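target_4.txt (compact mmCIF, C-alpha atoms)
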# COMPACT_ATOMS: atom_id res chain seq x y z
CA MET A 1 90.64 72.43 89.55
CA LYS A 2 93.89 74.39 89.70
CA PRO A 3 95.75 74.15 93.02
CA ASP A 4 95.76 77.41 94.95
CA SER A 5 98.68 79.11 96.66
CA ALA A 6 97.98 77.44 100.01
CA ALA A 7 98.08 73.93 98.51
CA ILE A 8 101.28 74.64 96.55
CA ARG A 9 102.86 76.26 99.61
CA LYS A 10 102.23 73.13 101.66
CA ARG A 11 103.96 71.00 99.05
CA TYR A 12 107.03 73.22 99.04
CA ASP A 13 107.04 73.34 102.84
CA ARG A 14 107.02 69.53 102.81
CA ILE A 15 109.93 69.08 100.40
CA ALA A 16 112.04 72.05 101.58
CA PRO A 17 114.60 70.00 103.60
CA TYR A 18 115.17 67.69 100.62
CA PHE A 19 114.80 70.19 97.78
CA GLU A 20 118.45 70.74 96.96
CA GLY A 21 119.15 67.01 97.01
CA MET A 22 116.18 66.34 94.73
CA GLU A 23 117.50 68.74 92.10
CA ALA A 24 121.25 68.22 92.61
CA VAL A 25 121.88 66.38 89.34
CA MET A 26 119.91 68.81 87.16
CA GLU A 27 121.45 71.73 89.03
CA GLY A 28 124.98 70.57 88.34
CA LEU A 29 124.40 69.59 84.73
CA PHE A 30 122.16 72.41 83.52
CA PHE A 31 120.69 74.94 85.91
CA LYS A 32 123.96 76.24 87.39
CA ASN A 33 125.18 77.60 84.04
CA TRP A 34 121.79 79.13 83.30
CA ARG A 35 121.79 80.90 86.66
CA LYS A 36 125.18 82.46 85.85
CA LYS A 37 123.84 83.74 82.52
CA LEU A 38 120.73 85.12 84.21
CA TRP A 39 122.52 87.03 86.96
CA ALA A 40 125.11 88.41 84.54
CA LYS A 41 122.29 90.52 83.08
CA VAL A 42 121.36 92.27 86.35
CA GLU A 43 121.42 96.07 86.28
CA GLY A 44 121.14 98.70 89.00
CA HIS A 45 121.62 98.72 92.75
CA HIS A 46 118.24 97.73 94.21
CA ILE A 47 117.38 94.13 93.28
CA LEU A 48 114.39 91.94 94.09
CA GLU A 49 114.68 88.16 93.78
CA VAL A 50 111.26 86.52 93.67
CA GLY A 51 111.02 82.87 94.70
CA VAL A 52 114.38 82.61 96.44
CA GLY A 53 113.65 79.03 97.49
CA THR A 54 116.60 77.54 99.37
CA GLY A 55 118.97 80.23 98.12
CA LYS A 56 120.36 78.56 95.01
CA ASN A 57 121.18 81.95 93.48
CA PHE A 58 123.16 83.28 96.43
CA ASP A 59 126.50 82.46 94.76
CA TYR A 60 125.62 84.69 91.80
CA TYR A 61 124.49 87.81 93.65
CA PRO A 62 126.31 90.95 92.44
CA LYS A 63 128.59 92.56 94.97
CA ASP A 64 127.57 95.90 96.52
CA ALA A 65 123.92 95.55 95.45
CA ARG A 66 121.02 95.94 97.86
CA ILE A 67 119.09 92.68 97.48
CA THR A 68 115.71 91.68 98.85
CA ALA A 69 114.56 88.09 98.29
CA ILE A 70 111.12 86.65 98.89
CA ASP A 71 109.39 83.28 98.95
CA PHE A 72 105.87 82.16 99.86
CA SER A 73 107.06 78.95 101.58
CA GLU A 74 108.10 79.45 105.18
CA GLN A 75 110.15 76.26 105.20
CA MET A 76 111.98 77.08 101.97
CA LEU A 77 112.74 80.51 103.41
CA LYS A 78 114.07 78.83 106.55
CA GLN A 79 116.52 76.85 104.43
CA ALA A 80 117.55 80.05 102.64
CA ALA A 81 118.12 81.84 105.96
CA GLN A 82 120.39 79.06 107.15
CA LYS A 83 122.41 79.20 103.93
CA ARG A 84 122.56 83.02 104.11
CA ASP A 85 123.99 82.89 107.61
CA ARG A 86 126.40 80.09 106.73
CA LYS A 87 127.74 81.88 103.65
CA ASN A 88 127.45 85.39 105.10
CA ILE A 89 125.30 86.63 102.21
CA ALA A 90 123.97 90.20 102.37
CA VAL A 91 120.28 89.75 101.59
CA GLU A 92 117.01 90.64 103.29
CA LEU A 93 114.61 87.68 103.26
CA GLU A 94 110.84 88.19 103.34
CA LEU A 95 107.86 85.81 103.46
CA MET A 96 105.62 86.98 100.62
CA ASP A 97 103.45 85.76 97.73
CA ILE A 98 104.42 86.93 94.24
CA GLN A 99 100.74 87.48 93.45
CA SER A 100 100.43 90.11 96.19
CA LEU A 101 103.71 91.92 96.84
CA TYR A 102 103.92 94.36 99.74
CA PHE A 103 106.37 96.69 97.99
CA ALA A 104 105.52 100.13 96.64
CA ASP A 105 105.23 100.81 92.93
CA ASN A 106 108.50 101.47 91.07
CA SER A 107 110.76 100.15 93.83
CA PHE A 108 113.42 98.02 92.13
CA ASP A 109 115.97 98.45 89.33
CA THR A 110 115.85 94.74 88.50
CA VAL A 111 113.31 92.09 89.44
CA ILE A 112 114.61 88.59 88.86
CA CYS A 113 113.44 85.01 89.32
CA SER A 114 114.45 81.52 88.24
CA PHE A 115 112.09 78.58 87.72
CA VAL A 116 109.30 80.29 89.66
CA PHE A 117 106.33 80.81 87.34
CA CYS A 118 105.79 77.09 87.00
CA SER A 119 104.44 77.26 90.56
CA VAL A 120 102.40 80.48 90.48
CA PRO A 121 98.65 79.73 90.33
CA SER A 122 97.89 82.95 88.41
CA ALA A 123 100.96 83.61 86.28
CA VAL A 124 99.58 86.79 84.70
CA LYS A 125 98.70 88.23 88.12
CA GLY A 126 102.24 87.51 89.34
CA LEU A 127 103.79 89.10 86.26
CA LYS A 128 101.69 92.22 86.71
CA GLU A 129 103.03 92.50 90.25
CA LEU A 130 106.62 92.24 89.01
CA TYR A 131 105.86 94.97 86.46
CA ARG A 132 104.32 97.17 89.16
CA VAL A 133 107.28 97.06 91.55
CA CYS A 134 109.90 97.48 88.81
CA LYS A 135 111.12 101.04 88.20
CA PRO A 136 110.38 102.73 84.86
CA GLY A 137 113.24 101.79 82.56
CA GLY A 138 114.09 98.86 84.83
CA GLN A 139 114.05 95.22 83.88
CA VAL A 140 112.38 91.96 84.83
CA LEU A 141 114.56 88.89 84.22
CA LEU A 142 113.04 85.42 84.14
CA LEU A 143 114.63 82.00 83.76
CA GLU A 144 111.83 79.51 83.19
CA HIS A 145 111.13 76.05 81.85
CA VAL A 146 108.23 76.19 79.43
CA LEU A 147 106.07 74.03 77.18
CA SER A 148 108.06 72.61 74.26
CA SER A 149 107.38 73.80 70.72
CA ASN A 150 107.74 70.19 69.58
CA PRO A 151 104.18 68.80 69.30
CA VAL A 152 105.12 65.31 70.47
CA LEU A 153 107.12 66.50 73.45
CA ALA A 154 104.45 69.11 74.28
CA ALA A 155 101.79 66.40 74.31
CA ALA A 156 103.91 64.32 76.70
CA MET A 157 104.49 67.32 78.96
CA ASN A 158 100.77 68.08 79.05
CA LEU A 159 100.05 64.45 79.90
CA LEU A 160 102.58 64.37 82.72
CA ASN A 161 101.76 67.80 84.12
CA PRO A 162 98.96 66.78 86.55
CA VAL A 163 101.27 64.21 88.14
CA VAL A 164 104.13 66.71 88.54
CA VAL A 165 101.79 69.35 89.98
CA ARG A 166 100.38 66.86 92.49
CA LEU A 167 103.87 65.83 93.61
CA VAL A 168 105.67 69.18 93.86
CA GLY A 169 103.23 71.90 92.82
CA ALA A 170 105.14 72.84 89.65
CA ASN A 171 103.68 73.02 86.14
CA ILE A 172 105.89 71.88 83.26
CA ASN A 173 103.64 73.17 80.48
CA ARG A 174 103.45 76.93 81.01
CA ASN A 175 103.54 79.43 78.10
CA THR A 176 105.57 81.97 80.05
CA VAL A 177 106.96 83.92 77.09
CA LYS A 178 103.43 84.49 75.81
CA ASN A 179 102.31 85.57 79.29
CA VAL A 180 105.15 88.09 79.60
CA LYS A 181 104.35 89.55 76.17
CA ALA A 182 100.73 89.98 77.28
CA CYS A 183 101.85 92.40 80.02
CA ALA A 184 102.58 96.10 79.56
CA PHE A 185 106.37 95.85 79.14
CA THR A 186 107.86 98.13 76.50
CA SER A 187 110.01 95.29 75.17
CA VAL A 188 110.35 91.54 75.69
CA ARG A 189 113.36 89.61 74.44
CA VAL A 190 114.25 85.91 74.69
CA ASP A 191 117.99 85.32 74.97
CA GLU A 192 119.29 83.61 71.83
CA ARG A 193 121.04 80.96 73.95
CA SER A 194 117.69 79.74 75.25
CA SER A 195 116.70 76.15 74.50
CA ASP A 196 113.33 74.72 73.52
CA ILE A 197 112.12 74.26 77.09
CA ILE A 198 114.38 76.63 79.07
CA LYS A 199 113.93 80.31 78.29
CA LEU A 200 115.88 83.31 79.57
CA ILE A 201 113.45 86.21 79.20
CA GLU A 202 114.36 89.91 79.44
CA ALA A 203 111.48 92.34 79.82
CA ARG A 204 111.92 96.11 80.02
CA LYS A 205 109.40 98.43 81.71

Can you dump the structure from the file as structure tokens?
Amino acid sequence: MKPDSAAIRKRYDRIAPYFEGMEAVMEGLFFKNWRKKLWAKVEGHHILEVGVGTGKNFDYYPKDARITAIDFSEQMLKQAAQKRDRKNIAVELELMDIQSLYFADNSFDTVICSFVFCSVPSAVKGLKELYRVCKPGGQVLLLEHVLSSNPVLAAAMNLLNPVVVRLVGANINRNTVKNVKACAFTSVRVDERSSDIIKLIEARK
């Protein structure tokens, strides 16, 4: 049985105070540079960050943009609020589930998220919501770790996935590029700098 949003939310609530410490090594070695590449692609003035977590992307926010950031974990959002206030970041934080966004259709120039769809119970439903709230001609930018194309590594990832999901609620074997292409975007492009298991995906509405 797939864990639902409530179960995953509880796991993120539990690890929220320790989340940045848990990922500090990977963040410094890999994720930080990927975040810079991701946010360098942002266009427009009105931006939605989905799955803000503890606010790891705050340092890369474009100046003079109007940014709204959401998360479905109250405790992760609490950590983000503390960092926002400490760093004096201009962002409106909202408690919200990606699978059921409260925003009107065609609201944002860019919708962006990093390492989020590994934790969304219904990835396609979440992607359809991002498409809905993005303006026509706007873009959805995703930075995601995905299932390897190497059969041996993919088999190992599939084997380990239930353990990882039970511990932190994140799947390590998602086919996110395929899921994005299944939506109604006019174009989907994977950045050429992407690796086998980390993909920077650009989708245009």

| said: Considering only C-alpha atoms, can you say which of A:Leu141, A:Val52, A:Ala123, A:Leu167 comes closest to Thr110 (chain A)? | reply: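 Of A:Leu141, A:Val52, A:Ala123, A:Leu167, the one nearest Thr110 (chain A) is A:Leu141, counting only C-alpha atoms.
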
| said: Can you measure CA of Gln75 (chain A) to CA of Arg14 (chain A) for me? One decimal in Å is fine. | reply: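 So the two atoms, CA of Gln75 (chain A) and CA of Arg14 (chain A), lie 7.8 Å apart.
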
If you take only C-alpha atoms and a cut-off of 9 Å, which residues of region 61-171 of chain A touch region 44-48 of chain A, and what are their nearest atom pairs and distances in Å to one decimal, in chain and number order, as a tab-separated table?
residue	atom	partner	partner_atom	distance
A:Asp64	CA	A:His45	CA	7.6
A:Ala65	CA	A:His45	CA	4.8
A:Arg66	CA	A:His46	CA	4.9
A:Ile67	CA	A:Ile47	CA	4.8
A:Thr68	CA	A:Leu48	CA	4.9
A:Ala69	CA	A:Leu48	CA	5.7
A:Ile70	CA	A:Leu48	CA	7.9
A:Ser107	CA	A:His46	CA	7.9
A:Phe108	CA	A:His46	CA	5.3
A:Asp109	CA	A:Gly44	CA	5.2
A:Thr110	CA	A:Ile47	CA	5.1
A:Val111	CA	A:Leu48	CA	4.8
A:Ile112	CA	A:Leu48	CA	6.2
A:Cys113	CA	A:Leu48	CA	8.5
A:Cys134	CA	A:Leu48	CA	8.9
A:Gly138	CA	A:Gly44	CA	8.2

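Picture a line from CA of Ser122 (chain A) to CA of Ala170 (chain A); it runs 12.5 Å.
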
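The space separating CA of Val163 (chain A) from CA of Ala7 (chain A) comes to 14.6 Å.
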
| said: Residues near Ser5 (chain A), anyone? I mean within 8 Å using only C-alpha atoms, not counting same-chain ones fewer than 3 positions away, as number ranges by chain. | reply: A: 8-9, 120-121

| field | Nearest to Ile198 (chain A) by atom-to-atom distance, counting all atoms listed in the file, from A:Gly53, A:Asp85, A:Val152, A:Trp34 | value |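 Result for the nearest residue to Ile198 (chain A): A:Trp34.
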